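The block underneath contains the structure these notes are about, expressed in structure tokens.
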Amino acid sequence: MTVIPPVGLGTWKASPGEVINAVKVAIDAGYRHFDCAYLYENESEVGEGIQYKINEGVVRREELFIVSKLWCTFHKKSLPGKDNMPLDHTGMVIPSNTDFLETWEAMEELVIEGLVKAIGVSNFNHEQLERLLNKQNLRIKPITNQIECHPYLSQKRLISFCQARDVSVTAYRPLGGSSEGVDLIDDPVIKRIAKKHGKSPAQILIRFQIQRNVIVIPKSVTPHRIQENIQVLDFELTEQDMNDIFSLEKNLRLATFPTTENHKDYPFHIEY
Ligand SMILES: NC(=O)c1ccc[n+]([C@@H]2O[C@H](COP(=O)([O-])OP(=O)(O)OC[C@H]3O[C@@H](n4cnc5c(N)ncnc54)[C@H](OP(=O)(O)O)[C@@H]3O)[C@@H](O)[C@H]2O)c1
């Protein structure tokens, strides 16, 4: 059975020039999980960093869990060409009309052929996940549902739904990202709890997910932050800390993918 390492390195917006070093630092710091996507335009450089550490003998390929993603435009193609995210004349993403159950069958083949170890979904709401799990002749269950998750969007219902069905959850944007006007890292409640434990606010935000059995993929290209973000197994948040963090809920979704709102499977039209 594939086990996903609980803390992975996010790579979105990590420039190709920076990400090679970030990956090397991360492997030295103990990361064994890398979250990537064709759309991030830096997968080759992530691979370069990994190859470097394999050649150095620091890590073996089979110890690593490396994620890639198939964007909704490409459900009929296996290897997208140069046109990264085709848009129509109004600037909206031109989606694929493929039924995602059909896409899933193609992805199952990848596991059966030994090309990938595991398959999962991202940004699925509970109805979509249910539809996939109820698919006739489902051969392989999704290993995880990767969703936006942090104290301002704690995703209690969707997480319970997934975990009750043995689908793990991976929290993306766990630190609130670098969105303007949102400063989760500076939230007074997070800062107070961080001070109490002698940890950084980022470590509190990451530990919060781990204590909910949620896998978490903070992104950083800054060596000391990369190291800090995985040092989260030597302390524990109290029940009171967890409740205080849950009380920050604002139902604030930061990643809304506005250019895909017309897609037939746009997942955020329903509550969870
Ligand atoms: N499936 C999806 O649709 C989806 C969508 C969004 C993201 N993701 C994945 O999830 C990953 C994480 O989400 P994200 O990148 O949006 O946001 P995030 O990890 O919440 O935040 C990243 C930001 O936090 C900063 N940071 C990292 N560690 C820090 C620390 N210890 N103290 C202070 N600041 C810190 C980073 O700066 P520096 O890098 O400058 O250090 C960066 O600006 C992505 O990289 C991507 O792999 C997936």
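We name chains A, B, ... following the order of the structure tokens; residues begin at 1 in each chain, and ligands are numbered from 1 as shown.
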Quick one: DSSP helix (DSSP H, G or I) residues in segment 91-236 of chain A, as a PyMOL selection string? chain A and resi 100-112+126-133+156-164+184-186+188-197+201-210+223-230
Emit the selected residues as a PDB file, in the first residue's frame, including C-alpha atoms.
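What ended up in part_25.pdb:
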```
ATOM      1  CA  PHE A 100     -14.292  12.527 -15.447  1.00  0.00           C
ATOM      2  CA  LEU A 101     -15.294   8.889 -14.941  1.00  0.00           C
ATOM      3  CA  GLU A 102     -13.805   8.177 -18.359  1.00  0.00           C
ATOM      4  CA  THR A 103     -10.672  10.095 -17.444  1.00  0.00           C
ATOM      5  CA  TRP A 104     -10.473   8.001 -14.291  1.00  0.00           C
ATOM      6  CA  GLU A 105     -10.482   4.790 -16.350  1.00  0.00           C
ATOM      7  CA  ALA A 106      -7.503   6.079 -18.320  1.00  0.00           C
ATOM      8  CA  MET A 107      -5.752   6.923 -15.068  1.00  0.00           C
ATOM      9  CA  GLU A 108      -6.441   3.472 -13.671  1.00  0.00           C
ATOM     10  CA  GLU A 109      -4.649   2.076 -16.720  1.00  0.00           C
ATOM     11  CA  LEU A 110      -1.553   4.047 -15.737  1.00  0.00           C
ATOM     12  CA  VAL A 111      -1.445   2.247 -12.398  1.00  0.00           C
ATOM     13  CA  ILE A 112      -2.146  -1.128 -13.996  1.00  0.00           C
ATOM     14  CA  HIS A 126     -18.335  15.642  -2.023  1.00  0.00           C
ATOM     15  CA  GLU A 127     -20.835  14.945  -4.818  1.00  0.00           C
ATOM     16  CA  GLN A 128     -18.074  14.453  -7.366  1.00  0.00           C
ATOM     17  CA  LEU A 129     -16.151  12.205  -5.032  1.00  0.00           C
ATOM     18  CA  GLU A 130     -19.272  10.181  -4.284  1.00  0.00           C
ATOM     19  CA  ARG A 131     -19.957   9.788  -7.995  1.00  0.00           C
ATOM     20  CA  LEU A 132     -16.442   8.499  -8.548  1.00  0.00           C
ATOM     21  CA  LEU A 133     -16.577   6.121  -5.581  1.00  0.00           C
ATOM     22  CA  LYS A 156     -14.610  20.165   8.235  1.00  0.00           C
ATOM     23  CA  ARG A 157     -17.464  18.577   6.271  1.00  0.00           C
ATOM     24  CA  LEU A 158     -15.498  17.626   3.179  1.00  0.00           C
ATOM     25  CA  ILE A 159     -12.667  16.209   5.274  1.00  0.00           C
ATOM     26  CA  SER A 160     -15.055  14.058   7.337  1.00  0.00           C
ATOM     27  CA  PHE A 161     -16.698  12.905   4.130  1.00  0.00           C
ATOM     28  CA  CYS A 162     -13.383  11.868   2.555  1.00  0.00           C
ATOM     29  CA  GLN A 163     -11.903  10.278   5.661  1.00  0.00           C
ATOM     30  CA  ALA A 164     -15.077   8.279   6.329  1.00  0.00           C
ATOM     31  CA  LEU A 184      -2.848  33.964   8.053  1.00  0.00           C
ATOM     32  CA  ILE A 185       0.748  33.831   9.273  1.00  0.00           C
ATOM     33  CA  ASP A 186       0.115  37.123  11.124  1.00  0.00           C
ATOM     34  CA  PRO A 188      -3.067  37.009  16.345  1.00  0.00           C
ATOM     35  CA  VAL A 189      -4.519  33.644  17.444  1.00  0.00           C
ATOM     36  CA  ILE A 190      -1.934  31.711  15.419  1.00  0.00           C
ATOM     37  CA  LYS A 191       0.833  33.963  16.706  1.00  0.00           C
ATOM     38  CA  ARG A 192      -0.260  33.506  20.323  1.00  0.00           C
ATOM     39  CA  ILE A 193      -0.308  29.697  19.994  1.00  0.00           C
ATOM     40  CA  ALA A 194       3.061  29.784  18.208  1.00  0.00           C
ATOM     41  CA  LYS A 195       4.607  31.821  21.005  1.00  0.00           C
ATOM     42  CA  LYS A 196       3.245  29.470  23.644  1.00  0.00           C
ATOM     43  CA  HIS A 197       4.855  26.440  21.966  1.00  0.00           C
ATOM     44  CA  PRO A 201       3.155  30.513  12.990  1.00  0.00           C
ATOM     45  CA  ALA A 202       3.846  28.400   9.875  1.00  0.00           C
ATOM     46  CA  GLN A 203       4.690  25.405  12.068  1.00  0.00           C
ATOM     47  CA  ILE A 204       1.374  25.837  13.911  1.00  0.00           C
ATOM     48  CA  LEU A 205      -0.550  25.935  10.614  1.00  0.00           C
ATOM     49  CA  ILE A 206       1.189  22.786   9.391  1.00  0.00           C
ATOM     50  CA  ARG A 207       0.828  20.926  12.690  1.00  0.00           C
ATOM     51  CA  PHE A 208      -2.890  21.816  12.754  1.00  0.00           C
ATOM     52  CA  GLN A 209      -3.363  19.720   9.597  1.00  0.00           C
ATOM     53  CA  ILE A 210      -1.263  16.815  10.809  1.00  0.00           C
ATOM     54  CA  PRO A 223      15.987  27.235   2.700  1.00  0.00           C
ATOM     55  CA  HIS A 224      15.368  28.071   6.376  1.00  0.00           C
ATOM     56  CA  ARG A 225      11.580  27.980   5.843  1.00  0.00           C
ATOM     57  CA  ILE A 226      11.758  24.681   3.969  1.00  0.00           C
ATOM     58  CA  GLN A 227      13.611  23.240   6.971  1.00  0.00           C
ATOM     59  CA  GLU A 228      11.282  24.868   9.509  1.00  0.00           C
ATOM     60  CA  ASN A 229       8.129  23.627   7.782  1.00  0.00           C
ATOM     61  CA  ILE A 230       8.999  19.962   8.270  1.00  0.00           C
TER      62      ILE A 230
END
```
Just list as a PyMOL selection string whatever in segment 110-172 of chain A DSSP marks as strand (DSSP E). chain A and resi 121-122+144-148+168-172
Could you dump the residues just selected with C-alpha atoms as a JSON list (two decimals), in the first residue's frame?
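This went into selection_39.json:
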```
[["chain", "number", "residue", "atom", "x", "y", "z"],
["A", 121, "VAL", "CA", -8.20, 13.79, -7.37],
["A", 122, "SER", "CA", -8.00, 17.47, -6.60],
["A", 144, "THR", "CA", -6.33, 11.41, -1.85],
["A", 145, "ASN", "CA", -8.43, 14.48, -2.55],
["A", 146, "GLN", "CA", -6.15, 17.51, -2.66],
["A", 147, "ILE", "CA", -8.11, 20.58, -1.56],
["A", 148, "GLU", "CA", -7.53, 24.09, -0.30],
["A", 168, "SER", "CA", -7.03, 10.81, 2.51],
["A", 169, "VAL", "CA", -7.05, 14.58, 2.28],
["A", 170, "THR", "CA", -4.12, 16.74, 1.23],
["A", 171, "ALA", "CA", -4.27, 20.39, 2.28],
["A", 172, "TYR", "CA", -3.02, 22.86, -0.26]]
```
Residue with smallest distance to ligand 1 - pool A:Val19, A:Leu233, A:Ile4, A:Val214, counting only C-alpha atoms and all ligand atoms: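 Selected residue with least distance to ligand 1: A:Val19.
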Tell me, as a VMD selection string, which residues lie within 12 Å of Ala22 of chain A, counting only C-alpha atoms; anything in the same chain fewer than 2 positions away does not count. chain A and resid 9 to 11 14 to 20 24 to 29 31 34 42 45 to 50 53 219 to 227
One-decimal distance in Å that lies between atom CA of Asn123 of chain A and atom 46 (C, counted along the ligand's line) of ligand 1: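 Taking atom 46 (C, counted along the ligand's line) of ligand 1 as the start and atom CA of Asn123 of chain A as the end point, the length is 12.2 Å.
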Residue nearest ligand 1 among A:Lys117, A:Lys13, A:Arg253, A:His263 (counting only C-alpha atoms and all ligand atoms):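 Checking each of A:Lys117, A:Lys13, A:Arg253, A:His263 against ligand 1, counting only C-alpha atoms and all ligand atoms, the winner is A:Lys13.
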Counting only C-alpha atoms and all ligand atoms, which of A:Asp99, A:Asp183, A:Glu63, A:Asp88 gets nearest to ligand 1?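 Between A:Asp99, A:Asp183, A:Glu63, A:Asp88, the residue approaching ligand 1 most closely is A:Asp183.
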Take atom CA of Leu175 of chain A and atom CA of Val216 of chain A and report the distance between them in Å, one decimal. 9.9 Å
